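A.B. asks: Here it is: the structure, laid out below.
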Amino acid sequence: MTALVGVASHLPPGVPIASLQEELGLTDTQLRRFHRLYGLSEVCRSEEGEVELLLAAAGKLAELAGQEHRVKYVVRARTVTTTAPYPDSPLLTARDALGLRHASTFTVSDHACASGLLAVDLCGTLLAADGDPDALALVLMGEKAFSQSVRMIPDVAIMGEAAAAVLVGPGTAQDRMLGYATRSYGREDAAVVMSPEVAAQFRQIYGDGLAEVMREATRAAGLELSDVDIVLPHNVNTISWTRAAAAMGLDPKRVFLDNVPVTGHCFCADPFLNYRTAHDLGVLAPGQRYLMTSVGLGSTFSAMLFEH
C-alpha cells in the first residue's frame with residue numbers, strides 16, 4: 001500500500017500580481033479579473049535557482065534526516081519537460097547534495113501539472129514490486145517560471161515558484177493512499193502551451209473531466225465524494241473551484257483554497273503545498289479522508305484519495 005511518510009514545502013515570498021502586469025502582458029481589465037474574480041493577490045517568486053528551490057523543500061523534510069540510506073528512488077515530477085541545457089541536470093545536482101547518489105533517479109513529466117500525483121503512484125508501485133518494507137522514494141516538485149510561455153495560463157492562472165518534497169513508503173503508516181484515478185484526453189495537437197482552439201475545447205471538458213476522476217478515485221476505495229472531508233486542489237483560481245464544486249454537489253467549504261491568493265499555481269507541487277499548509281493549520285485531523293487533485297494541460301485529469 002502506498003503511503004506518504006512525510007511532506008515538506010518551501011514557499012518563497014509572494015509578490016503582488018500587479019507588479020507583474022507588464023511582465024505578463026496583462027491589460028487593466030485582465031488584472032482586475034485575476035484580482036476580483038479569480039481571487040489572486042500574490043504569487044510566489046524566488047531569487048533561488050531550481051536546485052536551491054528543490055533543496056529548500058527537501059531540507060525541511062524531517063522524516064528524511066538520517067534515513068537517506070533507505071531511499072531507493074529519487075523522482076522529479078515536472079510540468080515542463082526541459083529546464084536546463086544538456087549536460088546540466090538540476091535533479092542530479094539536488095540528489096547528490098542530499099547524499100542520495102546511490103538511488104535510482106529519473107523524471108516524470110507525462111501528465112504535465114498532474115505529474116506529481118503520477119510520480120507518487122509510480123513510486124508506490126515500484127516500492128511494492130521491490131518487496132522491501134523499509135525502502136523509500138523521494139519525489140521532488142516545483143519549478144521556475146523561467147519563460148513567458150510558462151509564467152501564465154492565459155485567463156486561468158498565474159504560475160508561482162514554490163517547491164514540495166514528498167517521501168513515499170510502501171507501508172500502511174502515516175497517510176495511506178486509498179484510491180487513484182487519472183485520464184488523459186489525448187489528441188495530436190495537444191500540448192502544455194495550447195492553441196486557442198485546443199484551449200476552448202479544454203475548457204469545455206474541464207468540469208466533467210475533473211468530476212470523473214474525483215468520483216473514480218473515491219469509488220476505488222468504496223466511497224463517494226460525500227465521504228471526503230477535504231479536497232486539496234491544484235491552485236488555479238477560486239472561481240473555477242467554486243463552479244466545479246457546485247456542479248459536483250460538493251460543499252465549496254470542503255475545498256482548501258487558502259493558498260490560491262498567495263502562491264499562484266505552482267506546477268506539480270500544488271496539492272502537496274496545500275497538504276502542508278492544511279496540516280500546519282490543524283485542518284487535517286487523524287482519520288480524515290482527503291482528495292488531492294490536479295489537471296495537466298494537454299489534457300490530463302487526476303485525483304488521489306488518502307486517509308490521514
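Following the order of the C-alpha cells, chains are lettered A, B, ..., residues in each are numbered from 1, and ligands are numbered from 1.
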For the strand (DSSP E) assignment from backbone DSSP, which residues of range 49-243 of chain A qualify? Please present them as a PyMOL selection string.
C.D. replies: chain A and resi 71-77+104-108+136-141+152-153+157-158+163-169+175-184+230-232
A.B. asks: Those same residues, written as a compact mmCIF listing (two decimals), in the first residue's frame with N, CA and C atoms?
C.D. replies:
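The file below, part23.txt, is the result:
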```
# COMPACT_ATOMS: atom_id res chain seq x y z
N VAL A 71 16.49 5.38 0.96
CA VAL A 71 15.87 5.94 -0.25
C VAL A 71 16.39 5.19 -1.48
N LYS A 72 15.48 4.52 -2.15
CA LYS A 72 15.85 3.72 -3.32
C LYS A 72 15.60 4.47 -4.63
N TYR A 73 14.66 5.42 -4.61
CA TYR A 73 14.32 6.18 -5.82
C TYR A 73 14.25 7.67 -5.50
N VAL A 74 14.78 8.47 -6.40
CA VAL A 74 14.60 9.92 -6.36
C VAL A 74 13.93 10.30 -7.68
N VAL A 75 12.75 10.88 -7.58
CA VAL A 75 11.95 11.15 -8.77
C VAL A 75 11.61 12.64 -8.83
N ARG A 76 11.81 13.22 -9.97
CA ARG A 76 11.45 14.62 -10.21
C ARG A 76 10.15 14.64 -10.97
N ALA A 77 9.10 15.19 -10.38
CA ALA A 77 7.83 15.38 -11.08
C ALA A 77 7.82 16.79 -11.64
N SER A 104 18.23 5.20 -7.58
CA SER A 104 17.81 5.29 -8.98
C SER A 104 17.07 6.62 -9.17
N THR A 105 17.36 7.33 -10.25
CA THR A 105 16.88 8.69 -10.40
C THR A 105 16.31 8.90 -11.79
N PHE A 106 15.12 9.50 -11.84
CA PHE A 106 14.50 9.79 -13.13
C PHE A 106 13.44 10.88 -12.97
N THR A 107 12.95 11.37 -14.10
CA THR A 107 11.96 12.44 -14.14
C THR A 107 10.67 11.93 -14.77
N VAL A 108 9.54 12.42 -14.25
CA VAL A 108 8.23 12.12 -14.81
C VAL A 108 7.58 13.45 -15.21
N LEU A 136 12.28 3.56 0.66
CA LEU A 136 11.57 4.83 0.50
C LEU A 136 11.85 5.40 -0.88
N ALA A 137 11.00 6.32 -1.30
CA ALA A 137 11.21 7.07 -2.54
C ALA A 137 11.00 8.55 -2.24
N LEU A 138 11.83 9.38 -2.82
CA LEU A 138 11.72 10.83 -2.64
C LEU A 138 11.24 11.45 -3.95
N VAL A 139 10.13 12.20 -3.86
CA VAL A 139 9.59 12.90 -5.03
C VAL A 139 9.79 14.40 -4.82
N LEU A 140 10.40 15.06 -5.79
CA LEU A 140 10.66 16.50 -5.73
C LEU A 140 9.80 17.21 -6.77
N MET A 141 9.13 18.29 -6.34
CA MET A 141 8.23 19.03 -7.22
C MET A 141 8.44 20.52 -7.04
N MET A 152 2.22 32.00 -17.18
CA MET A 152 0.79 32.21 -17.03
C MET A 152 0.03 31.26 -17.94
N ILE A 153 -1.11 30.76 -17.45
CA ILE A 153 -2.08 30.10 -18.31
C ILE A 153 -3.11 31.17 -18.65
N ALA A 157 -4.68 31.19 -14.82
CA ALA A 157 -3.82 31.17 -13.64
C ALA A 157 -2.50 31.85 -13.92
N ILE A 158 -1.86 32.31 -12.85
CA ILE A 158 -0.50 32.84 -12.90
C ILE A 158 0.38 31.87 -12.13
N ALA A 163 8.09 24.92 -3.93
CA ALA A 163 8.52 23.53 -4.09
C ALA A 163 7.98 22.65 -2.97
N ALA A 164 7.85 21.36 -3.29
CA ALA A 164 7.42 20.37 -2.31
C ALA A 164 8.34 19.16 -2.42
N ALA A 165 8.58 18.52 -1.28
CA ALA A 165 9.34 17.27 -1.23
C ALA A 165 8.48 16.25 -0.51
N VAL A 166 8.31 15.08 -1.12
CA VAL A 166 7.41 14.06 -0.59
C VAL A 166 8.16 12.75 -0.45
N LEU A 167 8.12 12.17 0.74
CA LEU A 167 8.74 10.88 0.99
C LEU A 167 7.65 9.82 0.95
N VAL A 168 7.82 8.86 0.04
CA VAL A 168 6.81 7.82 -0.19
C VAL A 168 7.33 6.49 0.34
N GLY A 169 6.44 5.75 1.02
CA GLY A 169 6.80 4.43 1.51
C GLY A 169 5.76 3.40 1.10
N ASP A 175 0.07 8.60 6.01
CA ASP A 175 -1.09 8.87 5.16
C ASP A 175 -1.21 7.80 4.08
N ARG A 176 -2.24 6.98 4.17
CA ARG A 176 -2.41 5.85 3.26
C ARG A 176 -3.21 6.24 2.03
N MET A 177 -2.70 5.86 0.85
CA MET A 177 -3.46 6.08 -0.38
C MET A 177 -4.59 5.06 -0.46
N LEU A 178 -5.79 5.55 -0.69
CA LEU A 178 -6.96 4.68 -0.79
C LEU A 178 -7.42 4.48 -2.23
N GLY A 179 -7.10 5.44 -3.10
CA GLY A 179 -7.54 5.33 -4.49
C GLY A 179 -6.88 6.37 -5.36
N TYR A 180 -6.68 6.04 -6.62
CA TYR A 180 -6.06 6.94 -7.59
C TYR A 180 -6.74 6.76 -8.94
N ALA A 181 -7.04 7.87 -9.58
CA ALA A 181 -7.65 7.82 -10.91
C ALA A 181 -7.03 8.89 -11.78
N THR A 182 -6.80 8.56 -13.02
CA THR A 182 -6.27 9.54 -13.96
C THR A 182 -6.78 9.24 -15.35
N ARG A 183 -6.99 10.28 -16.13
CA ARG A 183 -7.44 10.10 -17.51
C ARG A 183 -6.87 11.20 -18.38
N SER A 184 -6.32 10.81 -19.51
CA SER A 184 -5.78 11.77 -20.47
C SER A 184 -6.68 11.81 -21.71
N ILE A 230 -12.01 16.70 2.94
CA ILE A 230 -11.41 17.92 2.40
C ILE A 230 -10.76 17.61 1.05
N VAL A 231 -10.83 18.57 0.14
CA VAL A 231 -10.17 18.48 -1.16
C VAL A 231 -8.96 19.39 -1.15
N LEU A 232 -7.81 18.84 -1.51
CA LEU A 232 -6.57 19.62 -1.63
C LEU A 232 -6.30 19.78 -3.12
```
A.B. asks: Fewer than 2 positions away in the same chain doesn't count, so skip those; otherwise give me all residues within 12 Å of Val150 in chain A, counting only C-alpha atoms, as a compact mmCIF listing (two decimals) with C-alpha atoms, in the first residue's frame.
C.D. replies:
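Heads up, here's the output in out24.txt:
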```txt
# COMPACT_ATOMS: atom_id res chain seq x y z
CA LEU A 24 2.82 39.11 -18.11
CA THR A 79 5.38 20.08 -15.84
CA VAL A 80 7.96 21.45 -18.28
CA THR A 81 9.97 18.67 -19.90
CA THR A 82 13.28 20.54 -20.11
CA THR A 83 14.55 23.22 -17.72
CA ALA A 112 2.13 17.98 -17.06
CA CYS A 113 0.88 19.55 -13.80
CA GLU A 143 9.64 24.76 -10.97
CA LYS A 144 10.88 28.14 -12.05
CA ALA A 145 8.61 30.26 -14.23
CA PHE A 146 11.60 30.87 -16.45
CA SER A 147 9.97 31.99 -19.70
CA GLN A 148 6.95 33.91 -20.88
CA MET A 152 0.79 32.21 -17.03
CA ILE A 153 -2.08 30.10 -18.31
CA PRO A 154 -3.99 32.79 -20.23
CA ALA A 157 -3.82 31.17 -13.64
CA ILE A 158 -0.50 32.84 -12.90
CA MET A 159 2.35 30.45 -12.17
CA GLY A 160 4.21 30.55 -8.86
CA GLU A 161 7.63 29.33 -7.80
CA VAL A 192 1.16 22.36 -22.47
CA VAL A 193 1.06 25.59 -24.50
CA MET A 194 -2.33 25.25 -26.17
CA HIS A 265 -0.35 27.83 -9.49
CA CYS A 266 2.94 26.12 -8.59
CA PHE A 267 3.01 23.49 -11.31
CA LEU A 297 -2.75 20.93 -19.82
```
A.B. asks: Go ahead and compute the interatomic distance for CA of Arg254 in chain A and CA of Ala114 in chain A, in Å to one decimal.
C.D. replies: 20.8 Å
A.B. asks: Which neighbours of Val228 in chain A fall inside 7 Å, counting only C-alpha atoms, when residues of the same chain fewer than 2 positions from it are skipped, and could you give them as a list in words?
C.D. replies: Leu225, Ser226, Ile230, Arg289, Tyr290 and Leu291 of chain A
A.B. asks: What is the CA of Leu11 in chain A to CA of Ala162 in chain A distance in Å?
C.D. replies: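 Computed distance, CA of Leu11 in chain A to CA of Ala162 in chain A, equals 5.0 Å.
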A.B. asks: In terms of the shortest atom-to-atom distance over only C-alpha atoms, which of A:Met1, A:Ala56, A:Val236, A:Ala246 is closest to Phe306 in chain A?
C.D. replies: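 Looking at the shortest contact to Phe306 in chain A, the residue is A:Met1.
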A.B. asks: Any idea what's packed within 10 Å of Ala211 in chain A, counting only C-alpha atoms, ignoring anything in its chain fewer than 2 positions away? Could you give it as a list in words?
C.D. replies: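 Once the adjacent positions are removed, what remains is Tyr206, Gly207, Asp208, Gly209, Val213, Met214, Arg215, Glu216, Leu225, Ala244, Ala245, Ala247, Met248, Phe301, Ser302 and Ala303 of chain A.
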A.B. asks: Report, in Å to a single decimal, how far apart CA of Leu4 in chain A and CA of Tyr185 in chain A are.
C.D. replies: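 Those two atoms sit 28.2 Å apart.
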A.B. asks: A:Pro170, A:Arg95, A:Lys253, A:Asp270: which is nearest Leu126 in chain A, counting only C-alpha atoms?
C.D. replies: A:Pro170
